[in-house]
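Peer 1: I'd like to ask some things about the structure below.
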Amino acid sequence: MAALAAAAAVVSQEADAEFQIYAVDGYYFESSRKEPVCFSTLPLRFGDAAADVPEGNKRLFLRGFAGRRLRVCKRVVAWRLELDGEQPEFFVLLSADSGGWLRLAKARKLYERTARTVLMTAQALHFLRRNPDGPETALWIHLRQAFGRFWPRPSEHDFRNQTSLSLMTQFAATDPVLATSETLRAFVERISTKVGGADTIDIADEYFFQAKDNYKFVCFSTLPLRFRATAAADVPEGNRALYLAGCTGRGARLHKEMVSSLRQAYRLNLFFCSNFRPSPSEDDLWNQTSLSLMRQFAATDPVLADSEALRAFIERISTTVGGADIIGIADEYSFRAKDNYELVCFSTLPLRFGAAAADVPEGNKALYLSGFTAGGLKLLKQVVAWRLELDGEQPQFLVLTPAYGGGWLCLANAWNMYKRTAKTVLMTAQMLHFLRRNPDGPEIALWIHLHQVFGKFWSMPSEDDFRNQTSLSLMRQFASMDPVLANSEALRAFVERISTEVGGGADIVDIVGGAGIVDDGAVVNEIFVDDAPF
């Protein structure tokens with residue numbers, strides 16, 4: 001019996017020794033939490049020695065099959081890459097209790113997405129070791145053939161991360177053949193400029209950001225802006241946090257909380273999309289977010305500080321945007337009542353002559369602004385006041401919204417159906433803007449200008465458009481507030497003539513002329529009323 005037990009022990013030891021030389025097929029790596037992890041997160045070794053792997057280092061669990069479909073579950077602590085064979089070969093070092101290196105044969109299909117970066121980098125290094133001075137086009141042809149079943153197809157995005165860049169840099173420093181490869185050197189230099197510092201851990205593609213409390217879409221520019229990759233300590237705890245969702249450069253799903261107090265500062269490579277609708281225009285930069293970003297980089301970047309084009313652009317945008325209270329632009333806008341949602345002119349709101357909103361009483365009349373943002377997103381906000389700026393190339397309307405801490409929205413272009421509702425205030429603003437630039441010009445020049453601007457309106461501008469309290473009140477207020485308009489003889493004469501025709505009472509809204517009324521109250525001559533068709 002003793003002899004039989006000894007023989008069984010010998011056979012078991014031989015089986016174990018034989019098992020250790022087998023390649024592990026269908027492999028994948030898991031953390032202690034049963035989450036898939038790329039083995040490249042382990043320390044990389046360039047030799048067989050294992051003594052330099054510190055105890056307590058990060059460990060992963062290797063799972064797969066060996067031999068006759070025997071299941072493998074081993075703890076590993078390091079890995080290495082060999083480029084001498086027909087194909088690149090990966091080896092992983094078992095923990096001290098097991099010892100030895102295991103060769104990785106073929107990855108599990110689902111795990112290929114996790115290890116995509118290191119697999120492609122190893123294949124690129126293996127190809128360049130055999131063709132150190134070959135054209136880069138040949139490298140991409142080889143990668144497309146080797147990873148033809150991968151989706152998305154191999155591209156430069158797969159190498160724009162610290163894992164790939166570090167692996168190529170280390171092999172270029174240790175391998176004598178790769179050290180002389182001009183193709184690898186040029187490729188590493190180009191990738192290095194796009195990856196950034198050592199704190200860049202990956203690329204997020206197809207990304208979007210959501211608020212932490214209600215998961216609504218939020219622009220990441222609401223987070224603190226940092227100009228140094230290592231400056232994370234100065235971000236106060238409890239700062240606003242967003243959730244980043246998207247796909248990494250390896251194609252794996254990404255969902256990480258973006259907080260500025262992280263030990264590593266995330267820097268994302270942003271790629272401009274040429275398929276934006278509407279197409280990019282100057283309207284996209286008419287906001288404080290864009291203006292503040294351009295100003296900060298013009299103050300910190302020595303190249304941009306000397307850019308005359310940027311300086312002129314900032315000056316032009318600054319006059320359009322106005323003060324720091326401007327939070328965005330509303331295009332194709334219209335205003336509706338809060339109770340019945342009917343179209344209402346925004347001039348029924350309180351008029352303000354400054355950016356301050358503290359003097360707007362609570363419970364004041366509110367309207368709903370609907371339209372589109374400069375980026376083409378649907379806009380629906382409650383507004384409580386409005387103001388008119390006459391300093392720019394065109395009169396600029398702004399409305400005050402209490403949402404998101406409050407701020408002013410610039411009104412770009414009115415919705416065509418809404419232009420009729422706001423016809424009076426639009427024409428009055430255009431007239432005041434013209435008279436501010438030509439305070440003593442002839443009145444005929446004013447009417448020519450109005451006819452040119454509003455030539456596409458269903459009815460040409462006339463004096464009837466100003467015979468109402470809305471227009472008269474607006475002209476009087478600006479004549480008393482604006483020093484240029486206060487000295488305009490043309491405006492003074494126009495206001496006096498309109499005042500005598502309106503009647504002076506605040507309840508007079510318009511004049512009806514040329515209508516005959518018979519005894520039964522029927523209208524004899526045709527007149528136009530507010531609900532008439534275009």
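Residues in the structure tokens are numbered from 1 in each chain, the chains being A, B, ... in the order shown, and ligands are numbered from 1 in the order shown.
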Could you pull the residues within 6 Å of segment 340-351 of chain A, counting only C-alpha atoms, minus those fewer than 5 positions along the same chain, as an mmCIF file with C-alpha atoms, in the first residue's frame?

Peer 2:
```
data_model
loop_
_atom_site.group_PDB
_atom_site.id
_atom_site.type_symbol
_atom_site.label_atom_id
_atom_site.label_comp_id
_atom_site.auth_asym_id
_atom_site.auth_seq_id
_atom_site.Cartn_x
_atom_site.Cartn_y
_atom_site.Cartn_z
ATOM 1 C CA PHE A 335 -43.623 83.237 -25.778
ATOM 2 C CA ALA A 385 -38.561 90.158 -17.297
ATOM 3 C CA TRP A 386 -36.949 91.497 -20.473
ATOM 4 C CA ARG A 387 -34.533 94.177 -21.586
ATOM 5 C CA THR A 421 -47.495 88.860 -32.133
ATOM 6 C CA ALA A 422 -44.292 90.797 -31.398
#
```

Peer 1: If you count only C-alpha atoms, which residues fall within 10 Å of Ser290 of chain A, apart from same-chain ones fewer than 6 positions away, as a list of chain:residue names?

Peer 2: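 Non-adjacent residues within range: A:Ser221, A:Asp284, A:Ile314, A:Ile317, A:Gly328.
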
Peer 1: Mind pulling up the distance from atom CA of Leu310 of chain A to atom CA of Leu291 of chain A?

Peer 2: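 Rounded to one decimal, the two atoms are 10.8 Å apart.
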
Peer 1: Quick one: everything within 12 Å of Arg185 of chain A, counting only C-alpha atoms, minus sequence neighbours fewer than 2 positions away in the same chain. Send it as JSON, numbers by chain.

Peer 2: {"A": [125, 128, 132, 133, 136, 165, 168, 169, 170, 171, 172, 173, 177, 178, 179, 180, 181, 182, 183, 187, 188, 189, 190, 191, 192]}

Peer 1: Let's have the selection written as an mmCIF file, in the first residue's frame, with N, CA and C atoms.

Peer 2:
```
data_model
loop_
_atom_site.group_PDB
_atom_site.id
_atom_site.type_symbol
_atom_site.label_atom_id
_atom_site.label_comp_id
_atom_site.auth_asym_id
_atom_site.auth_seq_id
_atom_site.Cartn_x
_atom_site.Cartn_y
_atom_site.Cartn_z
ATOM 1 N N LEU A 125 3.779 45.726 -32.280
ATOM 2 C CA LEU A 125 5.205 45.585 -31.942
ATOM 3 C C LEU A 125 5.819 44.373 -32.629
ATOM 4 N N LEU A 128 6.331 45.319 -36.314
ATOM 5 C CA LEU A 128 7.421 46.267 -36.496
ATOM 6 C C LEU A 128 8.772 45.659 -36.166
ATOM 7 N N PRO A 132 11.037 46.718 -39.258
ATOM 8 C CA PRO A 132 11.294 47.934 -38.472
ATOM 9 C C PRO A 132 11.211 49.222 -39.275
ATOM 10 N N ASP A 133 11.490 49.170 -40.570
ATOM 11 C CA ASP A 133 11.485 50.381 -41.387
ATOM 12 C C ASP A 133 10.432 50.340 -42.477
ATOM 13 N N GLU A 136 4.081 52.724 -42.632
ATOM 14 C CA GLU A 136 3.012 52.572 -41.624
ATOM 15 C C GLU A 136 1.748 51.992 -42.253
ATOM 16 N N LEU A 165 0.811 53.344 -25.071
ATOM 17 C CA LEU A 165 1.996 54.194 -25.202
ATOM 18 C C LEU A 165 3.127 53.717 -24.299
ATOM 19 N N MET A 168 4.728 50.466 -25.826
ATOM 20 C CA MET A 168 5.592 50.734 -26.980
ATOM 21 C C MET A 168 6.877 51.428 -26.550
ATOM 22 N N THR A 169 6.777 52.337 -25.598
ATOM 23 C CA THR A 169 7.965 53.056 -25.135
ATOM 24 C C THR A 169 8.951 52.119 -24.452
ATOM 25 N N GLN A 170 8.440 51.197 -23.620
ATOM 26 C CA GLN A 170 9.324 50.266 -22.906
ATOM 27 C C GLN A 170 10.020 49.297 -23.856
ATOM 28 N N PHE A 171 9.282 48.791 -24.838
ATOM 29 C CA PHE A 171 9.914 47.868 -25.784
ATOM 30 C C PHE A 171 10.883 48.598 -26.707
ATOM 31 N N ALA A 172 10.597 49.840 -27.030
ATOM 32 C CA ALA A 172 11.542 50.610 -27.841
ATOM 33 C C ALA A 172 12.836 50.866 -27.085
ATOM 34 N N ALA A 173 12.772 50.863 -25.742
ATOM 35 C CA ALA A 173 13.964 51.109 -24.935
ATOM 36 C C ALA A 173 14.738 49.837 -24.624
ATOM 37 N N VAL A 177 16.102 45.837 -31.846
ATOM 38 C CA VAL A 177 15.532 46.004 -33.188
ATOM 39 C C VAL A 177 14.518 47.145 -33.198
ATOM 40 N N LEU A 178 13.611 47.157 -32.218
ATOM 41 C CA LEU A 178 12.595 48.201 -32.160
ATOM 42 C C LEU A 178 13.204 49.557 -31.843
ATOM 43 N N ALA A 179 14.363 49.555 -31.182
ATOM 44 C CA ALA A 179 15.009 50.823 -30.844
ATOM 45 C C ALA A 179 15.463 51.569 -32.089
ATOM 46 N N THR A 180 15.687 50.865 -33.180
ATOM 47 C CA THR A 180 16.147 51.492 -34.427
ATOM 48 C C THR A 180 15.019 51.704 -35.423
ATOM 49 N N SER A 181 13.792 51.389 -35.057
ATOM 50 C CA SER A 181 12.664 51.492 -35.973
ATOM 51 C C SER A 181 12.199 52.940 -36.072
ATOM 52 N N GLU A 182 12.353 53.537 -37.242
ATOM 53 C CA GLU A 182 11.892 54.897 -37.459
ATOM 54 C C GLU A 182 10.362 54.966 -37.492
ATOM 55 N N THR A 183 9.744 53.903 -37.991
ATOM 56 C CA THR A 183 8.279 53.869 -38.040
ATOM 57 C C THR A 183 7.692 53.910 -36.637
ATOM 58 N N PHE A 187 5.581 56.964 -34.894
ATOM 59 C CA PHE A 187 4.233 56.636 -34.415
ATOM 60 C C PHE A 187 4.070 57.010 -32.940
ATOM 61 N N VAL A 188 5.079 56.691 -32.134
ATOM 62 C CA VAL A 188 5.026 57.007 -30.699
ATOM 63 C C VAL A 188 4.996 58.520 -30.483
ATOM 64 N N GLU A 189 5.787 59.256 -31.257
ATOM 65 C CA GLU A 189 5.803 60.716 -31.116
ATOM 66 C C GLU A 189 4.446 61.322 -31.449
ATOM 67 N N ARG A 190 3.818 60.815 -32.501
ATOM 68 C CA ARG A 190 2.511 61.358 -32.894
ATOM 69 C C ARG A 190 1.442 61.018 -31.859
ATOM 70 N N ILE A 191 1.479 59.801 -31.348
ATOM 71 C CA ILE A 191 0.494 59.391 -30.342
ATOM 72 C C ILE A 191 0.702 60.168 -29.051
ATOM 73 N N SER A 192 1.956 60.420 -28.693
ATOM 74 C CA SER A 192 2.254 61.108 -27.423
ATOM 75 C C SER A 192 1.624 62.492 -27.377
#
```

Peer 1: Can you tell me which residues surround segment 300-305 of chain A at a distance of at most 12 Å, considering only C-alpha atoms, apart from same-chain residues fewer than 6 positions away, and format the answer as a tab-separated table (two decimals) with N, CA and C atoms, in the first residue's frame?

Peer 2:
```
chain	number	residue	atom	x	y	z
A	226	ARG	N	-9.60	72.99	-14.99
A	226	ARG	CA	-8.23	72.94	-14.49
A	226	ARG	C	-7.27	73.02	-15.67
A	227	PHE	N	-6.16	73.74	-15.47
A	227	PHE	CA	-5.16	73.93	-16.53
A	227	PHE	C	-3.94	73.05	-16.33
A	228	ARG	N	-3.89	72.31	-15.23
A	228	ARG	CA	-2.76	71.42	-14.98
A	228	ARG	C	-3.30	70.02	-14.71
A	293	LEU	N	-14.22	80.57	-21.66
A	293	LEU	CA	-13.18	79.61	-22.01
A	293	LEU	C	-12.13	80.24	-22.92
A	294	MET	N	-12.57	81.02	-23.90
A	294	MET	CA	-11.61	81.68	-24.80
A	294	MET	C	-10.75	82.69	-24.05
A	311	ARG	N	-8.24	87.60	-30.53
A	311	ARG	CA	-8.52	88.84	-29.82
A	311	ARG	C	-9.67	89.59	-30.47
A	312	ALA	N	-9.63	89.70	-31.81
A	312	ALA	CA	-10.71	90.40	-32.51
A	312	ALA	C	-12.04	89.65	-32.37
A	314	ILE	N	-12.97	87.67	-29.87
A	314	ILE	CA	-13.47	87.83	-28.50
A	314	ILE	C	-14.11	89.20	-28.32
```

Peer 1: Based on DSSP run over this structure's backbone, return all residues of segment 443-499 of chain A in helix (DSSP H, G or I), as a ChimeraX atom specification.

Peer 2: /A:443-453,463-466,469-481,483-486,489-499

Peer 1: Calculate how many Å separate atom CA of Leu44 of chain A from atom CA of Arg160 of chain A, rounding to one decimal.

Peer 2: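 Atom CA of Arg160 of chain A lies 19.3 Å from atom CA of Leu44 of chain A.
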
Peer 1: Rounded to one decimal place, report the atom CA of Phe208 of chain A-atom CA of Ile329 of chain A distance in Å.

Peer 2: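 Taking atom CA of Phe208 of chain A as the start and atom CA of Ile329 of chain A as the end point, the length is 21.5 Å.
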